[in-house]
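K.L.:
Dropping in structure.txt, with compact mmCIF, N, CA and C atoms.
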# COMPACT_ATOMS: atom_id res chain seq x y z
N MET Y 4 -4.82 -9.60 -16.77
CA MET Y 4 -3.87 -8.60 -17.22
C MET Y 4 -3.71 -8.76 -18.72
N SER Y 5 -3.66 -7.66 -19.41
CA SER Y 5 -3.42 -7.67 -20.84
C SER Y 5 -1.96 -7.33 -21.12
N ASN Y 6 -1.34 -8.07 -22.01
CA ASN Y 6 0.02 -7.76 -22.43
C ASN Y 6 0.02 -6.99 -23.74
N ASP Y 7 -1.14 -6.51 -24.15
CA ASP Y 7 -1.26 -5.74 -25.37
C ASP Y 7 -0.44 -4.47 -25.23
N ARG Y 8 0.63 -4.35 -25.98
CA ARG Y 8 1.55 -3.22 -25.86
C ARG Y 8 0.91 -1.91 -26.29
N GLY Y 9 -0.12 -1.96 -27.12
CA GLY Y 9 -0.70 -0.72 -27.61
C GLY Y 9 -2.05 -0.38 -27.01
N GLY Y 10 -2.66 -1.31 -26.29
CA GLY Y 10 -4.00 -1.07 -25.80
C GLY Y 10 -4.05 -0.86 -24.30
N GLY Y 11 -5.26 -0.77 -23.81
CA GLY Y 11 -5.45 -0.60 -22.38
C GLY Y 11 -5.26 -1.92 -21.65
N TYR Y 12 -5.11 -1.81 -20.34
CA TYR Y 12 -4.95 -3.01 -19.52
C TYR Y 12 -5.30 -2.68 -18.08
N ILE Y 13 -5.59 -3.71 -17.34
CA ILE Y 13 -5.82 -3.60 -15.90
C ILE Y 13 -4.87 -4.57 -15.23
N LEU Y 14 -4.13 -4.09 -14.26
CA LEU Y 14 -3.23 -4.95 -13.49
C LEU Y 14 -3.81 -5.15 -12.10
N GLU Y 15 -3.85 -6.38 -11.69
CA GLU Y 15 -4.26 -6.71 -10.33
C GLU Y 15 -3.09 -6.45 -9.38
N PRO Y 16 -3.34 -6.32 -8.08
CA PRO Y 16 -2.22 -6.17 -7.14
C PRO Y 16 -1.22 -7.31 -7.32
N GLY Y 17 0.06 -6.96 -7.30
CA GLY Y 17 1.10 -7.96 -7.47
C GLY Y 17 1.46 -8.26 -8.91
N GLN Y 18 0.78 -7.62 -9.86
CA GLN Y 18 1.08 -7.82 -11.28
C GLN Y 18 1.80 -6.61 -11.84
N GLY Y 19 2.67 -6.86 -12.81
CA GLY Y 19 3.38 -5.79 -13.48
C GLY Y 19 4.07 -6.33 -14.71
N PHE Y 20 4.81 -5.48 -15.38
CA PHE Y 20 5.55 -5.86 -16.58
C PHE Y 20 7.02 -6.02 -16.20
N ASP Y 21 7.58 -7.17 -16.47
CA ASP Y 21 8.97 -7.52 -16.16
C ASP Y 21 9.22 -7.71 -14.66
N ALA Y 22 8.44 -7.10 -13.81
CA ALA Y 22 8.48 -7.26 -12.36
C ALA Y 22 7.15 -6.74 -11.82
N PRO Y 23 6.69 -7.26 -10.67
CA PRO Y 23 5.39 -6.84 -10.16
C PRO Y 23 5.27 -5.34 -9.89
N PHE Y 24 6.38 -4.66 -9.64
CA PHE Y 24 6.31 -3.23 -9.30
C PHE Y 24 6.30 -2.32 -10.53
N VAL Y 25 6.54 -2.85 -11.74
CA VAL Y 25 6.50 -2.04 -12.96
C VAL Y 25 5.08 -2.05 -13.50
N LYS Y 26 4.35 -0.97 -13.24
CA LYS Y 26 2.95 -0.89 -13.66
C LYS Y 26 2.81 -0.37 -15.08
N ALA Y 27 3.78 0.41 -15.54
CA ALA Y 27 3.85 0.86 -16.92
C ALA Y 27 5.30 1.20 -17.21
N GLY Y 28 5.77 0.76 -18.36
CA GLY Y 28 7.15 1.03 -18.74
C GLY Y 28 7.23 1.57 -20.15
N LYS Y 29 8.42 1.54 -20.67
CA LYS Y 29 8.68 2.08 -22.00
C LYS Y 29 7.76 1.48 -23.06
N ALA Y 30 7.58 0.16 -23.03
CA ALA Y 30 6.74 -0.51 -24.03
C ALA Y 30 5.27 -0.12 -23.91
N GLN Y 31 4.80 0.12 -22.70
CA GLN Y 31 3.39 0.43 -22.51
C GLN Y 31 3.06 1.90 -22.75
N THR Y 32 4.08 2.78 -22.71
CA THR Y 32 3.83 4.22 -22.83
C THR Y 32 4.53 4.85 -24.04
N ASN Y 33 5.00 4.00 -24.95
CA ASN Y 33 5.76 4.48 -26.11
C ASN Y 33 6.94 5.36 -25.68
N GLY Y 34 7.53 4.99 -24.52
CA GLY Y 34 8.71 5.69 -24.04
C GLY Y 34 8.45 6.97 -23.28
N ALA Y 35 7.20 7.34 -23.12
CA ALA Y 35 6.88 8.63 -22.48
C ALA Y 35 7.24 8.66 -21.00
N PHE Y 36 6.93 7.58 -20.28
CA PHE Y 36 7.20 7.54 -18.84
C PHE Y 36 7.19 6.11 -18.36
N CYS Y 37 7.69 5.90 -17.15
CA CYS Y 37 7.49 4.62 -16.47
C CYS Y 37 6.89 4.92 -15.10
N PHE Y 38 6.13 3.97 -14.60
CA PHE Y 38 5.35 4.13 -13.38
C PHE Y 38 5.61 2.91 -12.51
N LEU Y 39 6.21 3.12 -11.34
CA LEU Y 39 6.59 2.03 -10.44
C LEU Y 39 5.86 2.17 -9.12
N GLU Y 40 5.38 1.07 -8.57
CA GLU Y 40 4.81 1.05 -7.23
C GLU Y 40 5.80 0.32 -6.34
N LEU Y 41 6.34 1.02 -5.34
CA LEU Y 41 7.42 0.49 -4.52
C LEU Y 41 7.06 0.47 -3.05
N VAL Y 42 7.72 -0.42 -2.30
CA VAL Y 42 7.55 -0.52 -0.86
C VAL Y 42 8.92 -0.46 -0.22
N SER Y 43 9.05 0.38 0.80
CA SER Y 43 10.29 0.47 1.56
C SER Y 43 10.00 0.01 2.98
N GLN Y 44 10.85 -0.86 3.49
CA GLN Y 44 10.67 -1.41 4.84
C GLN Y 44 11.54 -0.65 5.83
N PRO Y 45 11.11 -0.56 7.10
CA PRO Y 45 11.94 0.08 8.12
C PRO Y 45 13.33 -0.55 8.16
N GLY Y 46 14.34 0.28 8.34
CA GLY Y 46 15.70 -0.22 8.42
C GLY Y 46 16.38 -0.40 7.07
N ARG Y 47 15.66 -0.18 5.99
CA ARG Y 47 16.23 -0.32 4.65
C ARG Y 47 17.28 0.77 4.44
N PRO Y 48 18.41 0.43 3.82
CA PRO Y 48 19.44 1.45 3.58
C PRO Y 48 18.90 2.60 2.73
N ALA Y 49 19.43 3.78 2.98
CA ALA Y 49 19.03 4.97 2.21
C ALA Y 49 19.48 4.83 0.76
N VAL Y 50 18.72 5.44 -0.13
CA VAL Y 50 19.15 5.56 -1.52
C VAL Y 50 20.19 6.67 -1.54
N PRO Y 51 21.42 6.39 -1.95
CA PRO Y 51 22.47 7.41 -1.89
C PRO Y 51 22.22 8.56 -2.86
N PRO Y 52 22.84 9.71 -2.61
CA PRO Y 52 22.67 10.84 -3.52
C PRO Y 52 23.07 10.45 -4.95
N HIS Y 53 22.24 10.86 -5.90
CA HIS Y 53 22.49 10.55 -7.30
C HIS Y 53 21.77 11.56 -8.18
N ILE Y 54 22.05 11.48 -9.46
CA ILE Y 54 21.46 12.38 -10.45
C ILE Y 54 20.94 11.55 -11.62
N HIS Y 55 19.77 11.91 -12.11
CA HIS Y 55 19.26 11.35 -13.36
C HIS Y 55 19.49 12.42 -14.43
N GLU Y 56 20.36 12.13 -15.38
CA GLU Y 56 20.68 13.10 -16.43
C GLU Y 56 19.58 13.20 -17.48
N LEU Y 57 18.81 12.12 -17.65
CA LEU Y 57 17.84 12.07 -18.74
C LEU Y 57 16.39 12.19 -18.29
N GLU Y 58 16.09 11.84 -17.04
CA GLU Y 58 14.70 11.72 -16.61
C GLU Y 58 14.34 12.69 -15.50
N ASP Y 59 13.15 13.28 -15.60
CA ASP Y 59 12.52 13.92 -14.45
C ASP Y 59 11.95 12.80 -13.61
N GLU Y 60 11.93 12.97 -12.28
CA GLU Y 60 11.44 11.93 -11.38
C GLU Y 60 10.36 12.53 -10.48
N TYR Y 61 9.31 11.75 -10.25
CA TYR Y 61 8.19 12.19 -9.42
C TYR Y 61 7.89 11.09 -8.41
N PHE Y 62 7.55 11.49 -7.20
CA PHE Y 62 7.16 10.54 -6.16
C PHE Y 62 5.81 10.94 -5.59
N TYR Y 63 4.99 9.94 -5.31
CA TYR Y 63 3.76 10.14 -4.55
C TYR Y 63 3.80 9.12 -3.42
N VAL Y 64 3.77 9.59 -2.18
CA VAL Y 64 3.81 8.70 -1.02
C VAL Y 64 2.37 8.31 -0.69
N ALA Y 65 2.07 7.03 -0.82
CA ALA Y 65 0.71 6.53 -0.56
C ALA Y 65 0.53 6.13 0.90
N GLU Y 66 1.57 5.55 1.51
CA GLU Y 66 1.52 5.13 2.91
C GLU Y 66 2.89 5.34 3.54
N GLY Y 67 2.92 5.65 4.83
CA GLY Y 67 4.18 5.79 5.54
C GLY Y 67 4.81 7.14 5.29
N GLU Y 68 6.14 7.18 5.42
CA GLU Y 68 6.85 8.42 5.20
C GLU Y 68 8.28 8.16 4.72
N LEU Y 69 8.77 9.08 3.91
CA LEU Y 69 10.13 9.03 3.37
C LEU Y 69 10.78 10.39 3.59
N LEU Y 70 12.05 10.38 3.88
CA LEU Y 70 12.81 11.61 4.03
C LEU Y 70 13.56 11.85 2.73
N PHE Y 71 13.33 13.00 2.11
CA PHE Y 71 13.95 13.35 0.84
C PHE Y 71 14.99 14.45 1.03
N ARG Y 72 16.05 14.34 0.26
CA ARG Y 72 17.05 15.40 0.13
C ARG Y 72 17.11 15.74 -1.35
N VAL Y 73 16.74 16.97 -1.67
CA VAL Y 73 16.68 17.39 -3.07
C VAL Y 73 17.40 18.73 -3.20
N ALA Y 74 18.49 18.73 -3.96
CA ALA Y 74 19.25 19.95 -4.23
C ALA Y 74 19.58 20.72 -2.95
N GLY Y 75 20.01 20.00 -1.92
CA GLY Y 75 20.42 20.65 -0.68
C GLY Y 75 19.30 20.91 0.31
N HIS Y 76 18.08 20.61 -0.05
CA HIS Y 76 16.93 20.80 0.85
C HIS Y 76 16.48 19.44 1.37
N THR Y 77 16.07 19.39 2.63
CA THR Y 77 15.60 18.15 3.24
C THR Y 77 14.15 18.33 3.65
N GLY Y 78 13.34 17.31 3.37
CA GLY Y 78 11.93 17.38 3.74
C GLY Y 78 11.35 16.00 3.99
N LEU Y 79 10.44 15.94 4.94
CA LEU Y 79 9.74 14.70 5.26
C LEU Y 79 8.48 14.63 4.41
N ALA Y 80 8.34 13.55 3.65
CA ALA Y 80 7.17 13.34 2.80
C ALA Y 80 6.31 12.25 3.43
N ARG Y 81 5.17 12.65 3.97
CA ARG Y 81 4.22 11.71 4.59
C ARG Y 81 3.17 11.30 3.56
N ALA Y 82 2.33 10.34 3.93
CA ALA Y 82 1.27 9.86 3.04
C ALA Y 82 0.51 11.05 2.45
N GLY Y 83 0.38 11.04 1.14
CA GLY Y 83 -0.29 12.11 0.42
C GLY Y 83 0.66 13.13 -0.18
N ALA Y 84 1.93 13.08 0.19
CA ALA Y 84 2.91 14.05 -0.31
C ALA Y 84 3.33 13.72 -1.74
N PHE Y 85 3.69 14.75 -2.47
CA PHE Y 85 4.17 14.63 -3.84
C PHE Y 85 5.52 15.33 -3.92
N VAL Y 86 6.49 14.71 -4.59
CA VAL Y 86 7.84 15.26 -4.73
C VAL Y 86 8.22 15.25 -6.20
N LYS Y 87 8.69 16.39 -6.71
CA LYS Y 87 9.17 16.48 -8.09
C LYS Y 87 10.67 16.72 -8.05
N ILE Y 88 11.42 15.95 -8.85
CA ILE Y 88 12.87 16.10 -8.95
C ILE Y 88 13.23 16.26 -10.43
N PRO Y 89 13.59 17.47 -10.84
CA PRO Y 89 13.95 17.67 -12.24
C PRO Y 89 15.25 16.94 -12.60
N LYS Y 90 15.36 16.53 -13.85
CA LYS Y 90 16.60 15.89 -14.29
C LYS Y 90 17.77 16.81 -13.98
N GLY Y 91 18.92 16.18 -13.69
CA GLY Y 91 20.12 16.94 -13.38
C GLY Y 91 20.22 17.43 -11.94
N THR Y 92 19.26 17.03 -11.08
CA THR Y 92 19.22 17.48 -9.69
C THR Y 92 19.72 16.38 -8.77
N VAL Y 93 20.67 16.70 -7.90
CA VAL Y 93 21.15 15.74 -6.90
C VAL Y 93 20.02 15.48 -5.90
N HIS Y 94 19.78 14.20 -5.63
CA HIS Y 94 18.71 13.85 -4.69
C HIS Y 94 18.98 12.48 -4.06
N SER Y 95 18.30 12.23 -2.95
CA SER Y 95 18.33 10.93 -2.28
C SER Y 95 17.07 10.83 -1.44
N HIS Y 96 16.78 9.62 -1.00
CA HIS Y 96 15.67 9.47 -0.05
C HIS Y 96 15.92 8.24 0.81
N GLU Y 97 15.22 8.24 1.93
CA GLU Y 97 15.35 7.11 2.85
C GLU Y 97 14.04 6.91 3.60
N HIS Y 98 13.88 5.69 4.07
CA HIS Y 98 12.73 5.33 4.88
C HIS Y 98 12.91 6.00 6.23
N SER Y 99 11.88 6.66 6.72
CA SER Y 99 12.05 7.38 7.99
C SER Y 99 11.02 6.99 9.04
N GLY Y 100 10.17 6.04 8.74
CA GLY Y 100 9.11 5.68 9.68
C GLY Y 100 9.33 4.32 10.31
N VAL Y 101 8.35 3.90 11.09
CA VAL Y 101 8.41 2.60 11.77
C VAL Y 101 7.57 1.55 11.06
N ALA Y 102 6.80 1.96 10.06
CA ALA Y 102 5.99 1.03 9.27
C ALA Y 102 6.46 1.11 7.82
N ASN Y 103 6.05 0.15 7.02
CA ASN Y 103 6.39 0.17 5.60
C ASN Y 103 5.92 1.48 4.96
N ALA Y 104 6.66 1.94 3.99
CA ALA Y 104 6.25 3.07 3.18
C ALA Y 104 5.95 2.53 1.78
N ARG Y 105 4.79 2.87 1.26
CA ARG Y 105 4.42 2.48 -0.10
C ARG Y 105 4.33 3.76 -0.91
N TYR Y 106 4.98 3.76 -2.08
CA TYR Y 106 5.01 4.98 -2.87
C TYR Y 106 5.08 4.68 -4.36
N ILE Y 107 4.70 5.67 -5.12
CA ILE Y 107 4.75 5.61 -6.57
C ILE Y 107 5.96 6.43 -7.01
N ALA Y 108 6.76 5.87 -7.89
CA ALA Y 108 7.84 6.61 -8.53
C ALA Y 108 7.55 6.64 -10.03
N MET Y 109 7.60 7.82 -10.60
CA MET Y 109 7.36 7.96 -12.03
C MET Y 109 8.55 8.69 -12.63
N PHE Y 110 9.02 8.20 -13.76
CA PHE Y 110 10.15 8.80 -14.46
C PHE Y 110 9.69 9.16 -15.88
N SER Y 111 10.13 10.32 -16.35
CA SER Y 111 9.81 10.74 -17.71
C SER Y 111 11.06 11.33 -18.34
N PRO Y 112 11.50 10.77 -19.47
CA PRO Y 112 10.93 9.65 -20.22
C PRO Y 112 11.22 8.30 -19.56
N ALA Y 113 10.65 7.26 -20.12
CA ALA Y 113 10.81 5.89 -19.62
C ALA Y 113 12.19 5.34 -19.97
N GLY Y 114 12.50 4.18 -19.40
CA GLY Y 114 13.73 3.47 -19.70
C GLY Y 114 14.48 3.06 -18.45
N VAL Y 115 14.40 3.87 -17.41
CA VAL Y 115 15.14 3.59 -16.18
C VAL Y 115 14.55 2.39 -15.43
N GLU Y 116 13.34 1.98 -15.77
CA GLU Y 116 12.72 0.85 -15.07
C GLU Y 116 13.55 -0.42 -15.20
N GLY Y 117 14.29 -0.55 -16.32
CA GLY Y 117 15.15 -1.72 -16.51
C GLY Y 117 16.21 -1.83 -15.42
N PHE Y 118 16.70 -0.71 -14.92
CA PHE Y 118 17.67 -0.70 -13.83
C PHE Y 118 17.07 -1.35 -12.59
N PHE Y 119 15.83 -0.99 -12.25
CA PHE Y 119 15.19 -1.53 -11.06
C PHE Y 119 14.90 -3.01 -11.19
N VAL Y 120 14.48 -3.43 -12.37
CA VAL Y 120 14.20 -4.85 -12.61
C VAL Y 120 15.49 -5.66 -12.49
N GLU Y 121 16.57 -5.19 -13.12
CA GLU Y 121 17.84 -5.90 -13.08
C GLU Y 121 18.39 -5.97 -11.65
N ARG Y 122 18.30 -4.88 -10.94
CA ARG Y 122 18.80 -4.84 -9.55
C ARG Y 122 18.03 -5.80 -8.66
N THR Y 123 16.72 -5.87 -8.85
CA THR Y 123 15.88 -6.78 -8.08
C THR Y 123 16.21 -8.24 -8.40
N GLN Y 124 16.37 -8.54 -9.69
CA GLN Y 124 16.71 -9.91 -10.09
C GLN Y 124 18.06 -10.33 -9.51
N ARG Y 125 19.01 -9.42 -9.51
CA ARG Y 125 20.34 -9.71 -8.96
C ARG Y 125 20.25 -9.94 -7.45
N ALA Y 126 19.46 -9.14 -6.75
CA ALA Y 126 19.31 -9.29 -5.30
C ALA Y 126 18.67 -10.62 -4.96
N ILE Y 127 17.66 -11.01 -5.73
CA ILE Y 127 17.00 -12.30 -5.49
C ILE Y 127 17.99 -13.44 -5.72
N LYS Y 128 18.76 -13.35 -6.79
CA LYS Y 128 19.74 -14.39 -7.11
C LYS Y 128 20.76 -14.56 -5.98
N TRP Y 129 21.21 -13.45 -5.40
CA TRP Y 129 22.24 -13.49 -4.36
C TRP Y 129 21.67 -13.49 -2.95
N GLY Y 130 20.35 -13.51 -2.81
CA GLY Y 130 19.73 -13.65 -1.49
C GLY Y 130 19.80 -12.41 -0.63
N SER Y 131 19.87 -11.23 -1.24
CA SER Y 131 19.91 -9.97 -0.48
C SER Y 131 18.58 -9.26 -0.64
N SER Y 132 17.99 -8.82 0.46
CA SER Y 132 16.73 -8.07 0.36
C SER Y 132 16.96 -6.58 0.25
N ASP Y 133 18.20 -6.10 0.45
CA ASP Y 133 18.46 -4.66 0.44
C ASP Y 133 18.19 -4.02 -0.91
N ASP Y 134 18.39 -4.75 -2.00
CA ASP Y 134 18.22 -4.18 -3.33
C ASP Y 134 16.92 -4.58 -4.01
N ILE Y 135 16.04 -5.24 -3.28
CA ILE Y 135 14.79 -5.66 -3.91
C ILE Y 135 13.79 -4.52 -3.88
N ALA Y 136 13.29 -4.19 -5.06
CA ALA Y 136 12.22 -3.20 -5.16
C ALA Y 136 10.91 -3.96 -4.96
N LEU Y 137 10.32 -3.80 -3.81
CA LEU Y 137 9.11 -4.54 -3.48
C LEU Y 137 7.90 -3.82 -4.06
N GLY Y 138 6.94 -4.59 -4.53
CA GLY Y 138 5.75 -3.92 -5.06
C GLY Y 138 4.62 -4.88 -5.21
Give the structure from this file in structure tokens form.
P.N.:
Amino acid sequence: MSNDRGGGYILEPGQGFDAPFVKAGKAQTNGAFCFLELVSQPGRPAVPPHIHELEDEYFYVAEGELLFRVAGHTGLARAGAFVKIPKGTVHSHEHSGVANARYIAMFSPAGVEGFFVERTQRAIKWGSSDDIALG
């Protein structure tokens, strides 16, 4: 893995910046976007409805399925599905399958990745798996 902030790099599985699930963040993209690879386990609590005031959010479901609620609409996103959530839009999602769901979350512009890293570090410190962003 290269830590060169301005150049190219290749990350092996389980590698990332600041946390294994951060594949590109503010430093690697000059603030343009962040790219997270996440895993949701069956029985994991739903992400409550929320709004990103600054970032557009994009999801690509690689494995499994997630149930999304976006601006009052509900839809099941199975492997191969893509979801776009414009900034300022109320949304939530939850694990809806019996197997792990692996998905990509991308935010533009970058910066929100710090929230996920901090939340994961706090969950590890306190021994809770509910807030760990697995990747």
K.L.:
Find the residues around segment 112-129 of chain Y up to 8 Å (only C-alpha atoms counted), leave out those fewer than 5 positions away in its own chain, and share them as a list in words.
P.N.:
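Surrounding residues, per the criterion: Asp21, Ala22, Val25, Gly28, Lys29, Thr32, Gly34, Ala35, Phe36, Cys37, Leu39, Leu57, Glu58, Asp59, Asp134, Ile135 and Ala136 of chain Y.
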K.L.:
Distance atom C of Ala104 of chain Y-atom N of Gln44 of chain Y, one decimal place?
P.N.:
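Atom N of Gln44 of chain Y lies at a distance of 6.2 Å from atom C of Ala104 of chain Y.
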K.L.:
For Phe24 of chain Y, which of Y:Gly11, Y:Tyr61, Y:Val42, Y:Phe110 is the closest residue, counting all atoms listed in the file?
P.N.:
Y:Val42
K.L.:
Between atom CA of Ser43 of chain Y and atom N of Thr77 of chain Y, measure the distance and give it in Å to one decimal.
P.N.:
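Taking atom CA of Ser43 of chain Y and atom N of Thr77 of chain Y, their separation equals 19.8 Å.
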K.L.:
Could you tell me how far atom CA of Ser111 of chain Y sits from atom CA of His55 of chain Y, in Å to one decimal place?
P.N.:
10.4 Å
K.L.:
Might you pull out every residue within 6 Å of His53 of chain Y, with only N, CA and C atoms counted and same-chain residues fewer than 6 positions away left off, and present them as number ranges by chain?
P.N.:
Y: 92-95
K.L.:
Could you save those same residues with N, CA and C atoms as a PDB file, in the coordinates of the input?
P.N.:
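Output file selection_12.pdb is given in full below:
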ATOM      1  N   THR Y  92      19.260  17.030 -11.080  1.00  0.00           N
ATOM      2  CA  THR Y  92      19.220  17.480  -9.690  1.00  0.00           C
ATOM      3  C   THR Y  92      19.720  16.380  -8.770  1.00  0.00           C
ATOM      4  N   VAL Y  93      20.670  16.700  -7.900  1.00  0.00           N
ATOM      5  CA  VAL Y  93      21.150  15.740  -6.900  1.00  0.00           C
ATOM      6  C   VAL Y  93      20.020  15.480  -5.900  1.00  0.00           C
ATOM      7  N   HIS Y  94      19.780  14.200  -5.630  1.00  0.00           N
ATOM      8  CA  HIS Y  94      18.710  13.850  -4.690  1.00  0.00           C
ATOM      9  C   HIS Y  94      18.980  12.480  -4.060  1.00  0.00           C
ATOM     10  N   SER Y  95      18.300  12.230  -2.950  1.00  0.00           N
ATOM     11  CA  SER Y  95      18.330  10.930  -2.280  1.00  0.00           C
ATOM     12  C   SER Y  95      17.070  10.830  -1.440  1.00  0.00           C
TER      13      SER Y  95
END
K.L.:
Need to verify the contact set: Glu66 of chain Y, 6.5 Å, all atoms listed in the file, exclusion of same-chain residues closer than 5 positions in sequence. Can you return it as an MDAnalysis selection string?
P.N.:
chainID Y and resid 81:83 103:106
K.L.:
Could you pull out the residues in chain Y that DSSP calls strand (DSSP E) from the backbone, as JSON, numbers by chain?
P.N.:
{"Y": [25, 26, 27, 37, 38, 39, 40, 41, 42, 43, 50, 51, 52, 53, 59, 60, 61, 62, 63, 64, 65, 66, 68, 69, 70, 71, 72, 73, 76, 77, 78, 79, 80, 81, 85, 86, 87, 88, 94, 95, 96, 97, 98, 104, 105, 106, 107, 108, 109, 110, 111]}
K.L.:
To test the calculation: enclose all listed atoms of segment 26-38 of chain Y in a box whose edges run along x, y and z, add 5 Å on each side, then state centre and edge lengths in Å to one decimal, as lines of an AutoDock Vina configuration file.
P.N.:
center_x = 5.8
center_y = 3.8
center_z = -19.3
size_x = 15.9
size_y = 19.6
size_z = 23.6
K.L.:
For Gly91 of chain Y, which residue out of Y:Gly10, Y:Glu60, Y:Leu41, Y:Ala27 is the nearest one, using all atoms listed in the file?
P.N.:
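Among Y:Gly10, Y:Glu60, Y:Leu41, Y:Ala27, it is Y:Glu60 that comes nearest to Gly91 of chain Y.
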K.L.:
Let me make sure I understand: among Y:Glu40, Y:Gly46, Y:Lys87, Y:Glu97, which one has the smallest atom-to-atom distance to Phe62 of chain Y if we use only N, CA and C atoms?
P.N.:
Y:Lys87
K.L.:
Given the choices Y:Leu70, Y:Ala84, Y:Leu14, Y:Ala30, which gets closest to Ser99 of chain Y if the distance is worked out from all atoms listed in the file?
P.N.:
Y:Leu70
K.L.:
Mind the document's chain letters and residue numbers, and return as a PDB file with N, CA and C atoms, keeping the file's coordinate frame the residues of chain Y that DSSP labels alpha helix (DSSP H).
P.N.:
ATOM      1  N   LYS Y  29       8.420   1.540 -20.670  1.00  0.00           N
ATOM      2  CA  LYS Y  29       8.680   2.080 -22.000  1.00  0.00           C
ATOM      3  C   LYS Y  29       7.760   1.480 -23.060  1.00  0.00           C
ATOM      4  N   ALA Y  30       7.580   0.160 -23.030  1.00  0.00           N
ATOM      5  CA  ALA Y  30       6.740  -0.510 -24.030  1.00  0.00           C
ATOM      6  C   ALA Y  30       5.270  -0.120 -23.910  1.00  0.00           C
ATOM      7  N   GLN Y  31       4.800   0.120 -22.700  1.00  0.00           N
ATOM      8  CA  GLN Y  31       3.390   0.430 -22.510  1.00  0.00           C
ATOM      9  C   GLN Y  31       3.060   1.900 -22.750  1.00  0.00           C
ATOM     10  N   THR Y  32       4.080   2.780 -22.710  1.00  0.00           N
ATOM     11  CA  THR Y  32       3.830   4.220 -22.830  1.00  0.00           C
ATOM     12  C   THR Y  32       4.530   4.850 -24.040  1.00  0.00           C
ATOM     13  N   GLU Y 116      13.340   1.980 -15.770  1.00  0.00           N
ATOM     14  CA  GLU Y 116      12.720   0.850 -15.070  1.00  0.00           C
ATOM     15  C   GLU Y 116      13.550  -0.420 -15.200  1.00  0.00           C
ATOM     16  N   GLY Y 117      14.290  -0.550 -16.320  1.00  0.00           N
ATOM     17  CA  GLY Y 117      15.150  -1.720 -16.510  1.00  0.00           C
ATOM     18  C   GLY Y 117      16.210  -1.830 -15.420  1.00  0.00           C
ATOM     19  N   PHE Y 118      16.700  -0.710 -14.920  1.00  0.00           N
ATOM     20  CA  PHE Y 118      17.670  -0.700 -13.830  1.00  0.00           C
ATOM     21  C   PHE Y 118      17.070  -1.350 -12.590  1.00  0.00           C
ATOM     22  N   PHE Y 119      15.830  -0.990 -12.250  1.00  0.00           N
ATOM     23  CA  PHE Y 119      15.190  -1.530 -11.060  1.00  0.00           C
ATOM     24  C   PHE Y 119      14.900  -3.010 -11.190  1.00  0.00           C
ATOM     25  N   VAL Y 120      14.480  -3.430 -12.370  1.00  0.00           N
ATOM     26  CA  VAL Y 120      14.200  -4.850 -12.610  1.00  0.00           C
ATOM     27  C   VAL Y 120      15.490  -5.660 -12.490  1.00  0.00           C
ATOM     28  N   GLU Y 121      16.570  -5.190 -13.120  1.00  0.00           N
ATOM     29  CA  GLU Y 121      17.840  -5.900 -13.080  1.00  0.00           C
ATOM     30  C   GLU Y 121      18.390  -5.970 -11.650  1.00  0.00           C
ATOM     31  N   ARG Y 122      18.300  -4.880 -10.940  1.00  0.00           N
ATOM     32  CA  ARG Y 122      18.800  -4.840  -9.550  1.00  0.00           C
ATOM     33  C   ARG Y 122      18.030  -5.800  -8.660  1.00  0.00           C
ATOM     34  N   THR Y 123      16.720  -5.870  -8.850  1.00  0.00           N
ATOM     35  CA  THR Y 123      15.880  -6.780  -8.080  1.00  0.00           C
ATOM     36  C   THR Y 123      16.210  -8.240  -8.400  1.00  0.00           C
ATOM     37  N   GLN Y 124      16.370  -8.540  -9.690  1.00  0.00           N
ATOM     38  CA  GLN Y 124      16.710  -9.910 -10.090  1.00  0.00           C
ATOM     39  C   GLN Y 124      18.060 -10.330  -9.510  1.00  0.00           C
ATOM     40  N   ARG Y 125      19.010  -9.420  -9.510  1.00  0.00           N
ATOM     41  CA  ARG Y 125      20.340  -9.710  -8.960  1.00  0.00           C
ATOM     42  C   ARG Y 125      20.250  -9.940  -7.450  1.00  0.00           C
ATOM     43  N   ALA Y 126      19.460  -9.140  -6.750  1.00  0.00           N
ATOM     44  CA  ALA Y 126      19.310  -9.290  -5.300  1.00  0.00           C
ATOM     45  C   ALA Y 126      18.670 -10.620  -4.960  1.00  0.00           C
ATOM     46  N   ILE Y 127      17.660 -11.010  -5.730  1.00  0.00           N
ATOM     47  CA  ILE Y 127      17.000 -12.300  -5.490  1.00  0.00           C
ATOM     48  C   ILE Y 127      17.990 -13.440  -5.720  1.00  0.00           C
ATOM     49  N   LYS Y 128      18.760 -13.350  -6.790  1.00  0.00           N
ATOM     50  CA  LYS Y 128      19.740 -14.390  -7.110  1.00  0.00           C
ATOM     51  C   LYS Y 128      20.760 -14.560  -5.980  1.00  0.00           C
ATOM     52  N   TRP Y 129      21.210 -13.450  -5.400  1.00  0.00           N
ATOM     53  CA  TRP Y 129      22.240 -13.490  -4.360  1.00  0.00           C
ATOM     54  C   TRP Y 129      21.670 -13.490  -2.950  1.00  0.00           C
TER      55      TRP Y 129
END
